[in-house]
Structure formats: structure tokens, C-alpha cells
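Asker: What follows is my_file14.txt, compact mmCIF, C-alpha atoms and all ligand atoms.
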```
# COMPACT_ATOMS: atom_id res chain seq x y z
CA MET A 1 13.39 -4.38 24.49
CA GLN A 2 13.72 -5.01 20.78
CA GLU A 3 11.32 -3.06 18.62
CA GLN A 4 8.58 -5.16 17.01
CA TYR A 5 8.89 -4.38 13.32
CA HIS A 6 5.29 -5.16 12.36
CA ILE A 7 2.43 -7.47 13.37
CA PRO A 8 0.97 -9.15 10.25
CA VAL A 9 -2.78 -8.61 9.83
CA LEU A 10 -5.32 -11.23 8.76
CA LEU A 11 -2.55 -13.83 8.79
CA ASP A 12 -4.68 -17.01 8.89
CA GLU A 13 -7.11 -15.55 6.37
CA VAL A 14 -4.31 -14.74 3.90
CA ILE A 15 -2.79 -18.23 4.19
CA GLU A 16 -6.18 -19.85 3.73
CA GLY A 17 -7.01 -17.55 0.80
CA LEU A 18 -3.77 -18.28 -1.06
CA HIS A 19 -4.37 -22.09 -1.15
CA ILE A 20 -0.64 -22.66 -1.03
CA GLN A 21 0.79 -25.41 -3.26
CA PRO A 22 3.90 -26.84 -1.50
CA ASP A 23 5.99 -26.80 -4.72
CA GLY A 24 4.67 -23.46 -5.93
CA ILE A 25 6.25 -20.08 -6.54
CA TYR A 26 4.83 -17.24 -4.42
CA VAL A 27 5.41 -13.50 -4.32
CA ASP A 28 5.05 -11.34 -1.22
CA CYS A 29 4.99 -7.84 -2.73
CA THR A 30 5.25 -6.13 0.68
CA PHE A 31 7.75 -8.15 2.72
CA GLY A 32 8.02 -5.63 5.62
CA GLY A 33 8.62 -7.52 8.86
CA GLY A 34 8.24 -10.80 6.98
CA GLY A 35 5.31 -12.07 9.08
CA HIS A 36 3.22 -13.17 6.10
CA SER A 37 6.29 -14.46 4.28
CA ARG A 38 7.29 -16.70 7.20
CA ALA A 39 3.79 -18.20 7.28
CA ILE A 40 3.95 -18.84 3.51
CA LEU A 41 7.36 -20.53 3.90
CA GLU A 42 5.89 -22.81 6.56
CA LYS A 43 3.39 -24.09 4.00
CA LEU A 44 5.97 -24.52 1.23
CA GLY A 45 7.94 -27.73 0.75
CA PRO A 46 11.67 -27.91 -0.02
CA LYS A 47 11.03 -27.21 -3.73
CA GLY A 48 8.77 -24.21 -3.12
CA LYS A 49 9.98 -20.68 -3.72
CA LEU A 50 9.10 -17.25 -2.32
CA VAL A 51 10.11 -13.88 -3.74
CA GLY A 52 9.77 -10.98 -1.31
CA PHE A 53 9.61 -7.41 -2.62
CA ASP A 54 10.02 -4.29 -0.49
CA GLN A 55 11.05 -0.85 -1.64
CA ASP A 56 12.34 -0.03 1.84
CA ASP A 57 15.77 -1.51 2.36
CA ASP A 58 15.13 -1.65 6.15
CA ALA A 59 12.94 -4.71 5.48
CA ARG A 60 16.01 -6.71 4.47
CA LYS A 61 17.03 -7.15 8.11
CA ASN A 62 13.94 -9.33 8.66
CA LEU A 63 14.91 -11.91 6.04
CA PRO A 64 14.88 -15.45 7.40
CA ASP A 65 17.90 -17.62 6.72
CA ASP A 66 16.13 -19.81 4.19
CA PRO A 67 17.37 -20.79 0.71
CA ARG A 68 13.80 -20.79 -0.64
CA ILE A 69 13.42 -17.01 -0.32
CA LEU A 70 14.75 -14.32 -2.62
CA PHE A 71 14.55 -10.64 -1.63
CA VAL A 72 14.03 -7.95 -4.27
CA PRO A 73 14.47 -4.42 -2.85
CA GLN A 74 12.25 -2.77 -5.46
CA ASN A 75 8.84 -1.23 -5.96
CA PHE A 76 6.22 -3.89 -6.67
CA ARG A 77 5.03 -1.81 -9.61
CA HIS A 78 7.90 -3.51 -11.49
CA VAL A 79 7.04 -7.01 -10.26
CA GLN A 80 6.92 -8.73 -13.64
CA ARG A 81 10.21 -7.23 -14.80
CA PHE A 82 12.13 -8.28 -11.69
CA LEU A 83 10.62 -11.75 -11.69
CA ARG A 84 11.69 -12.19 -15.32
CA LEU A 85 15.21 -11.07 -14.41
CA ASN A 86 15.16 -14.01 -12.02
CA ASN A 87 13.79 -16.35 -14.71
CA ILE A 88 10.30 -16.46 -13.23
CA THR A 89 7.47 -15.94 -15.73
CA ALA A 90 4.50 -17.48 -13.92
CA ILE A 91 3.59 -17.83 -10.26
CA ASN A 92 1.11 -19.73 -8.09
CA GLY A 93 0.22 -16.87 -5.80
CA LEU A 94 0.81 -13.25 -4.84
CA LEU A 95 0.19 -11.19 -1.72
CA ALA A 96 0.23 -7.43 -1.21
CA ASP A 97 -0.33 -6.00 2.29
CA LEU A 98 -0.43 -2.31 1.41
CA GLY A 99 0.66 0.86 3.15
CA VAL A 100 3.43 1.46 5.65
CA SER A 101 4.74 -0.88 8.34
CA SER A 102 4.62 -0.08 12.06
CA HIS A 103 8.42 0.19 11.90
CA GLN A 104 8.26 2.96 9.29
CA PHE A 105 5.56 4.72 11.24
CA ASP A 106 7.39 4.46 14.58
CA GLU A 107 10.78 5.58 13.29
CA ALA A 108 10.67 9.28 14.11
CA GLY A 109 13.18 10.30 11.44
CA ARG A 110 11.13 8.84 8.57
CA GLY A 111 8.57 11.60 8.99
CA PHE A 112 5.44 9.42 8.64
CA SER A 113 3.98 10.10 12.06
CA THR A 114 2.40 13.26 13.41
CA ARG A 115 3.64 12.20 16.88
CA TYR A 116 7.27 13.15 16.31
CA ASN A 117 9.17 16.11 14.99
CA ALA A 118 11.36 15.39 11.97
CA ASP A 119 11.91 16.65 8.44
CA LEU A 120 8.90 16.32 6.16
CA ASP A 121 10.03 13.17 4.36
CA MET A 122 7.60 10.17 4.16
CA ARG A 123 9.51 8.23 1.50
CA MET A 124 9.20 4.46 1.78
CA ASP A 125 12.04 4.17 -0.73
CA ARG A 126 14.86 6.50 0.29
CA ARG A 127 16.47 6.26 -3.16
CA GLN A 128 13.57 8.31 -4.51
CA THR A 129 14.05 12.08 -4.65
CA LEU A 130 10.49 13.37 -4.09
CA THR A 131 9.73 13.96 -0.39
CA ALA A 132 6.82 15.46 1.53
CA PHE A 133 8.91 18.64 1.77
CA ASP A 134 8.87 18.94 -2.05
CA VAL A 135 5.13 18.32 -2.24
CA VAL A 136 4.33 20.93 0.40
CA ASN A 137 6.82 23.53 -0.88
CA THR A 138 6.53 23.20 -4.67
CA TYR A 139 3.06 21.94 -5.66
CA THR A 140 0.56 24.49 -6.92
CA GLU A 141 -2.34 25.47 -4.70
CA GLN A 142 -4.74 23.66 -7.03
CA ARG A 143 -2.76 20.45 -6.93
CA LEU A 144 -2.47 20.57 -3.13
CA HIS A 145 -6.20 21.19 -2.83
CA LYS A 146 -6.98 18.16 -5.00
CA LEU A 147 -4.67 15.79 -3.19
CA PHE A 148 -5.86 16.78 0.30
CA GLU A 149 -9.44 16.38 -0.85
CA GLU A 150 -9.01 13.11 -2.72
CA TYR A 151 -6.38 11.27 -0.71
CA GLY A 152 -7.13 12.61 2.76
CA GLU A 153 -10.82 13.60 2.54
CA VAL A 154 -9.74 16.72 4.47
CA THR A 155 -12.91 18.79 5.01
CA ASN A 156 -11.29 22.19 4.43
CA ALA A 157 -8.82 21.06 1.73
CA LYS A 158 -9.14 24.34 -0.17
CA THR A 159 -8.34 26.50 2.88
CA LEU A 160 -5.50 24.15 3.79
CA ALA A 161 -3.94 24.43 0.32
CA ARG A 162 -4.33 28.22 0.33
CA THR A 163 -2.76 28.55 3.80
CA ILE A 164 0.23 26.36 2.84
CA VAL A 165 0.89 28.49 -0.23
CA GLN A 166 0.60 31.71 1.83
CA VAL A 167 2.93 30.50 4.60
CA ARG A 168 5.57 29.13 2.27
CA SER A 169 5.85 32.47 0.43
CA THR A 170 7.67 33.81 3.51
CA SER A 171 9.23 30.68 5.05
CA SER A 172 9.81 27.14 3.90
CA LEU A 173 7.86 24.38 5.62
CA LYS A 174 10.66 22.04 6.58
CA THR A 175 9.71 20.11 9.69
CA ILE A 176 6.62 18.35 10.97
CA ASP A 177 6.32 20.69 13.97
CA GLY A 178 6.81 23.75 11.74
CA PHE A 179 4.14 22.46 9.37
CA LYS A 180 1.65 21.71 12.15
CA ASN A 181 2.26 25.08 13.84
CA ALA A 182 1.74 26.97 10.60
CA LEU A 183 -1.66 25.32 10.21
CA ARG A 184 -2.79 25.57 13.85
CA GLU A 185 -5.44 28.20 13.09
CA ILE A 186 -7.23 26.27 10.36
CA VAL A 187 -7.45 22.82 11.98
CA LYS A 188 -11.01 21.49 11.85
CA GLY A 189 -12.20 19.22 14.65
CA ASN A 190 -9.85 16.93 16.53
CA PRO A 191 -6.26 17.97 15.63
CA ASN A 192 -4.95 14.38 15.80
CA LYS A 193 -7.58 13.18 13.37
CA TYR A 194 -7.15 16.23 11.16
CA PHE A 195 -3.37 15.83 10.84
CA ALA A 196 -3.73 12.06 10.37
CA GLN A 197 -5.82 12.80 7.27
CA VAL A 198 -3.40 15.48 6.04
CA PHE A 199 -0.44 13.13 6.53
CA GLN A 200 -2.22 10.25 4.83
CA ALA A 201 -2.76 12.42 1.76
CA LEU A 202 0.89 13.50 1.67
CA ARG A 203 2.11 9.91 2.12
CA ILE A 204 -0.07 8.61 -0.71
CA GLU A 205 1.24 11.35 -3.00
CA VAL A 206 4.93 11.03 -2.07
CA ASN A 207 4.90 7.27 -2.64
CA ASP A 208 2.44 7.31 -5.55
CA GLU A 209 0.63 4.55 -3.69
CA LEU A 210 -2.41 4.40 -5.97
CA GLY A 211 -0.30 4.49 -9.14
CA ALA A 212 1.88 1.61 -7.89
CA LEU A 213 -1.19 -0.42 -6.89
CA LYS A 214 -2.76 0.02 -10.33
CA GLU A 215 0.46 -1.04 -12.04
CA LEU A 216 0.65 -4.12 -9.82
CA LEU A 217 -2.97 -5.13 -10.39
CA LYS A 218 -2.59 -4.89 -14.17
CA GLN A 219 0.22 -7.46 -14.01
CA VAL A 220 -1.65 -9.98 -11.84
CA PRO A 221 -3.65 -11.81 -14.56
CA GLY A 222 -0.55 -12.26 -16.74
CA LEU A 223 1.57 -13.53 -13.86
CA LEU A 224 -0.75 -16.06 -12.24
CA LEU A 225 -0.86 -19.65 -13.43
CA PRO A 226 -4.40 -21.00 -13.98
CA GLY A 227 -5.79 -21.75 -10.51
CA GLY A 228 -3.22 -19.37 -8.96
CA ARG A 229 -4.43 -16.81 -6.42
CA ALA A 230 -3.79 -13.19 -5.49
CA ALA A 231 -4.61 -11.72 -2.07
CA ILE A 232 -4.58 -7.98 -1.46
CA ILE A 233 -5.01 -6.23 1.89
CA THR A 234 -6.01 -2.56 1.74
CA PHE A 235 -6.34 0.05 4.48
CA HIS A 236 -8.50 2.78 2.98
CA SER A 237 -11.40 3.08 0.59
CA LEU A 238 -9.42 4.52 -2.36
CA GLU A 239 -7.25 1.41 -2.50
CA ASP A 240 -10.10 -0.97 -1.82
CA ARG A 241 -12.18 0.50 -4.65
CA LEU A 242 -9.35 -0.06 -7.13
CA VAL A 243 -8.88 -3.67 -6.00
CA LYS A 244 -12.62 -4.40 -5.96
CA ASN A 245 -13.22 -3.01 -9.45
CA PHE A 246 -10.17 -4.66 -10.96
CA PHE A 247 -10.93 -8.06 -9.43
CA ARG A 248 -14.56 -7.91 -10.55
CA ARG A 249 -14.19 -6.45 -14.02
CA GLY A 250 -10.53 -6.38 -15.00
CA SER A 251 -10.69 -2.57 -15.10
CA PHE A 252 -10.51 0.34 -12.66
CA ASP A 253 -13.63 2.09 -13.90
CA GLU A 254 -16.79 2.29 -11.90
CA PRO A 255 -19.60 0.30 -13.58
CA ASP A 256 -21.25 2.51 -16.20
CA GLU A 257 -25.00 3.02 -15.93
CA ASN A 258 -25.29 3.68 -19.66
CA PRO A 259 -25.31 0.34 -21.54
CA TYR A 260 -24.23 2.04 -24.79
CA THR A 261 -21.00 3.39 -23.40
CA ASN A 262 -20.21 0.34 -21.28
CA THR A 263 -17.18 -1.50 -22.62
CA THR A 264 -16.57 -5.10 -21.69
CA THR A 265 -13.08 -6.09 -20.63
CA VAL A 266 -12.13 -9.74 -20.66
CA ASN A 267 -11.58 -10.74 -17.08
CA GLU A 268 -9.40 -13.76 -16.42
CA LEU A 269 -9.96 -13.51 -12.68
CA LYS A 270 -12.63 -15.11 -10.53
CA VAL A 271 -13.51 -13.37 -7.27
CA ILE A 272 -13.15 -15.69 -4.27
CA THR A 273 -14.20 -13.18 -1.61
CA LYS A 274 -17.57 -11.74 -2.61
CA LYS A 275 -17.24 -9.39 0.35
CA PRO A 276 -13.89 -8.28 1.76
CA ILE A 277 -12.61 -10.25 4.74
CA THR A 278 -12.06 -8.13 7.85
CA ALA A 279 -10.46 -8.81 11.22
CA GLY A 280 -12.35 -10.77 13.88
CA ASP A 281 -12.85 -9.61 17.48
CA LYS A 282 -9.74 -11.35 18.79
CA GLU A 283 -7.43 -9.72 16.24
CA LEU A 284 -9.12 -6.34 16.66
CA LYS A 285 -8.36 -6.47 20.40
CA GLN A 286 -4.76 -7.56 19.89
CA ASN A 287 -3.86 -5.30 16.98
CA PRO A 288 -5.73 -2.00 16.54
CA ARG A 289 -4.08 -1.56 13.13
CA SER A 290 -6.24 -4.42 11.81
CA ARG A 291 -9.33 -2.22 12.24
CA SER A 292 -9.34 -0.86 8.70
CA ALA A 293 -7.82 -3.90 6.93
CA LYS A 294 -9.80 -5.45 4.07
CA LEU A 295 -8.68 -8.60 2.31
CA ARG A 296 -9.83 -9.54 -1.19
CA VAL A 297 -8.81 -12.73 -3.00
CA VAL A 298 -9.07 -13.73 -6.67
CA GLU A 299 -8.20 -16.85 -8.64
CA LYS A 300 -6.97 -17.03 -12.22
CA ILE A 301 -9.55 -18.87 -14.27
CA MET A 302 -8.59 -22.36 -15.52
CA MET A 303 -8.45 -22.67 -19.28
CA VAL A 304 -11.21 -24.81 -20.85
C1 LIG A 401 2.04 -3.16 5.85
S1 LIG A 401 3.73 -3.43 5.57
C2 LIG A 401 3.81 -5.15 5.22
C3 LIG A 401 3.99 -5.99 6.44
C4 LIG A 401 4.24 -7.46 6.18
N1 LIG A 401 3.13 -8.09 5.50
C5 LIG A 401 4.54 -8.18 7.46
O1 LIG A 401 3.92 -9.21 7.74
O2 LIG A 401 5.42 -7.71 8.20
C6 LIG A 401 3.97 -2.77 3.98
C7 LIG A 401 5.40 -2.90 3.46
O3 LIG A 401 5.33 -2.78 2.05
C8 LIG A 401 6.28 -1.90 1.57
N2 LIG A 401 5.70 -1.29 0.38
C9 LIG A 401 4.63 -0.46 0.31
N3 LIG A 401 4.39 -0.10 -0.96
C10 LIG A 401 5.33 -0.73 -1.72
C11 LIG A 401 5.61 -0.76 -3.11
N4 LIG A 401 4.89 -0.05 -3.98
N5 LIG A 401 6.63 -1.54 -3.53
C12 LIG A 401 7.39 -2.25 -2.65
N6 LIG A 401 7.19 -2.24 -1.33
C13 LIG A 401 6.16 -1.50 -0.85
C14 LIG A 401 6.55 -0.94 2.70
O4 LIG A 401 7.87 -0.44 2.60
C15 LIG A 401 6.34 -1.81 3.93
O5 LIG A 401 7.53 -2.36 4.39
```
In C-alpha cells, write the structure found in this file.
Answerer:
Amino acid sequence: MQEQYHIPVLLDEVIEGLHIQPDGIYVDCTFGGGGHSRAILEKLGPKGKLVGFDQDDDARKNLPDDPRILFVPQNFRHVQRFLRLNNITAINGLLADLGVSSHQFDEAGRGFSTRYNADLDMRMDRRQTLTAFDVVNTYTEQRLHKLFEEYGEVTNAKTLARTIVQVRSTSSLKTIDGFKNALREIVKGNPNKYFAQVFQALRIEVNDELGALKELLKQVPGLLLPGGRAAIITFHSLEDRLVKNFFRRGSFDEPDENPYTNTTTVNELKVITKKPITAGDKELKQNPRSRSAKLRVVEKIMMV
């Protein structure tokens, strides 16, 4: 049976949120299996256009044979630059469905899943040099501690960092099985859950996921036409907080309690989803991955 590349989450909600204009220009920042892109194309007329970004070249094989779509195999952190290269300076809508695809996760050799043995890799973009191996074998103890704590909320992040540094002084941590075995003694609670958190932290670091998201968000107001919309789906609280704050205030900072130090940023975005949209019962039953998905939508304010 052919592998299913990825099941799109919150599909109807995204299409509804984007308010698609049939002649508009849309950007799918995370093309993946192309599920969202195909639904956008269905709403576009013959003059509409869709640009699909994906930093993983594997996504290219899912491209529909459709003259209205252009594929850009790049990181969405450079979205504005690559759109300009294609003579696009303003768009009617943008989607980002963050994280990894099921395909990336299920491909043993990519090193994303704790279920398989493979080299510690975890790169979405295989042109990049930094891998999970480099993070685990070269980062300082302090830096490892911080990333496991912040990106994985690993309860014993300090012990974990210390153990990694001790083990690697005598042998290099090359494979997933080798890595998991070396840490067997310090696992807290359910090992599957523990390693899922550890792997999440490594993946976020290797792919600079939060850095790329921030770069993308900063470009959204300048790219959208007045009335244009952006929809972002996140899968963990670190991402969702960035999206929520940026959509509400045009900045990544948490609201400041002190009125004297509070700076006001001009926000050209209007929040459409006061609360994030989450999957309904039917989708939750059909696709467990939708469990942690949160969709937020904004609209660029019309000029007065
Ligand atoms: C959750 S999947 C998207 C699935 C897609 N919406 C669908 O319906 O099949 C995320 C995809 O975005 C890509 N991706 C993640 N971060 C990216 C980034 N910073 N730049 C470009 N592509 C990225 C991944 O390689 C992956 O293929």
C-alpha cells in the first residue's frame, strides 16, 4: 500500500478562515503532502495563484499538475525574498501548518522518531549542515540544559545535559538507539513520553523552528494586502505563544504589567480568532495528530 504522506489538519477551518478570493495570490508556507494546497486550489479560479514553500525537497513529489501553483523549495523564513524573486510583492493570504509531516516522522532514516534506530539527524532541510548529532555531541552542558528545559520541558533537563556530556567524553552519541541506551538510567516517568520530549527539543533546535517562525511572522503584515488573511497552525505552546502575541500586539513580548515600560507597537493586524480553533470530535477520532493543533487567523487592516 502506498504510504500516506500526511493528513491535513483543520482543513475546513483553514479554508473558511482564509476567505479565499478566486483571483487572489496565496502562499502555503508548509506545502508538505499538499493537502491544504489542493483545497486552496479548489477555491481559486483560473487566474488565481498559489506559491507553495517547503524546505524538504521530498514534498516536491506531491505537487499537483496545475499551472496555478509554483513550488519554492526553501525555508519560509525567506518568504518575502523568494516571492519578490518571482515578482510577487503582495498577497491575499498565507498559511503555515508548522512542524514535521507524518512522512518525515515515519521515514526511519530521517531520525525524527524514537520508534526507529537511525543516525541522530532530524533535519527537515537536508542541505543544512547542523544535525541532532552535532547538537548532542558539541553543545555545552549549559546550552543543552537550556534547550531541553525550554523546548522539551524535560523535568530533569540538568541531569540529562550532564549525563550527555559525561557519556560523550568517552564515546560519541551517533545513533538513536545508542543515545537512548546511554540515558536509560536517568529516564523520568514513561520512557516514550520522556524521549518524545527530548526529541522535540532536539528537533526544534536543529531546525531553528522558533527562529524561522518569528522571521515569518514579522513579514506577514508587509506581505498581506488590506483585507488579506494569514492562518497559522501550531502544535505546542512555545509556537502558539509567539503567534498569539504577534497577532495581538505586533510583537513577541509578553504584555508588560508596568505601564511606564510598556511600548506600543503599531499593529496592522486584526485578530479574527479570539480563541484558537481546535479540532472537533470527528477529526480527533480520525486523526490523533490533530489533538494538539491550534489555528489562529488574522486579517490585515483596511486603510481608512
Ligand atoms: C505539518 S507539515 C505540512 C502538511 C501540509 N499542510 C499538508 O496538508 O500536507 C509541515 C511541512 O512544513 C515543512 N516546514 C516546516 N518548517 C518549515 C520552514 N521553516 N520552511 C519551509 N518548510 C517548512 C516541513 O518540511 C513539512 O513538510
Asker: Got a sec to check which residues lie within 7 Å of ligand LIG 401 (chain A), using only C-alpha atoms and all ligand atoms, and send them as a PyMOL selection string?
Answerer: chain A and resi 6-8+29-37+53-56+59+74-77+97-101+124+209+212-213
Asker: Please provide as a ChimeraX atom specification all residues within 6 Å of Ala90 of chain A, with the sequence filter that same-chain residues fewer than 2 positions apart are discarded (counting all atoms listed in the file).
Answerer: /A:88,223-225
Asker: Counting only C-alpha atoms, figure out which residue out of A:Lys270, A:Arg291, A:Lys61, A:Arg68 gets nearest to His103 of chain A.
Answerer: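 Among the listed residues, the smallest separation from His103 of chain A belongs to A:Lys61.
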Asker: Please check which residues have atoms at most 9 Å from (-3.8, -12.1, -11.9) in the file's coordinates, counting all atoms listed in the file, and write them as a PyMOL selection string.
Answerer: chain A and resi 93-94+217-225+228-230+247+268-269+298-300
Asker: Would you mind listing what lies within 12 Å of Ser169 of chain A as a PDB file with C-alpha atoms, in the frame of the given file, with only C-alpha atoms counted and same-chain residues fewer than 6 positions away left out?
Answerer:
```pdb
ATOM      1  CA  VAL A 136       4.330  20.930   0.400  1.00  0.00           C
ATOM      2  CA  ASN A 137       6.820  23.530  -0.880  1.00  0.00           C
ATOM      3  CA  THR A 138       6.530  23.200  -4.670  1.00  0.00           C
ATOM      4  CA  GLU A 141      -2.340  25.470  -4.700  1.00  0.00           C
ATOM      5  CA  ARG A 162      -4.330  28.220   0.330  1.00  0.00           C
ATOM      6  CA  THR A 163      -2.760  28.550   3.800  1.00  0.00           C
TER       7      THR A 163
END
```
Asker: My list of candidates is A:Arg84, A:Arg241, A:Lys49, A:Lys188. Which is closest to Asn156 of chain A when distances are computed with only C-alpha atoms?
Answerer: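 Among the listed residues, A:Lys188 lies closest to Asn156 of chain A.
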Asker: Quick one: distance from atom CA of Glu3 of chain A to atom CA of Leu130 of chain A in Å, one decimal?
Answerer: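 Going from atom CA of Glu3 of chain A over to atom CA of Leu130 of chain A, I get 28.0 Å.
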Asker: For a quick check of understanding, using only C-alpha atoms, which of A:Gln166, A:Leu70, A:Lys244, A:Ile91 has the smallest distance to Thr273 of chain A?
Answerer: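 Selected residue with least distance to Thr273 of chain A: A:Lys244.
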Asker: Work out how far apart atom CA of Lys47 of chain A and atom CA of Pro22 of chain A are and give it in Å to one decimal.
Answerer: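 Straight-line distance from atom CA of Lys47 of chain A to atom CA of Pro22 of chain A works out to 7.5 Å.
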Asker: Interatomic distance between atom CA of Glu13 of chain A and atom CA of Lys275 of chain A?
Answerer: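 Atom-to-atom, atom CA of Glu13 of chain A to atom CA of Lys275 of chain A, that is 13.3 Å.
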Asker: Between A:Ile233, A:Leu160, A:Leu18, A:Val135, which has the minimum distance to Ile272 of chain A (counting all atoms listed in the file)?
Answerer: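 With all atoms listed in the file as the atom set, the closest residue is A:Leu18.
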Asker: From the list A:Leu11, A:Phe148, A:Arg126, A:Pro191, which residue is nearest Asn287 of chain A when using only C-alpha atoms?
Answerer: A:Leu11
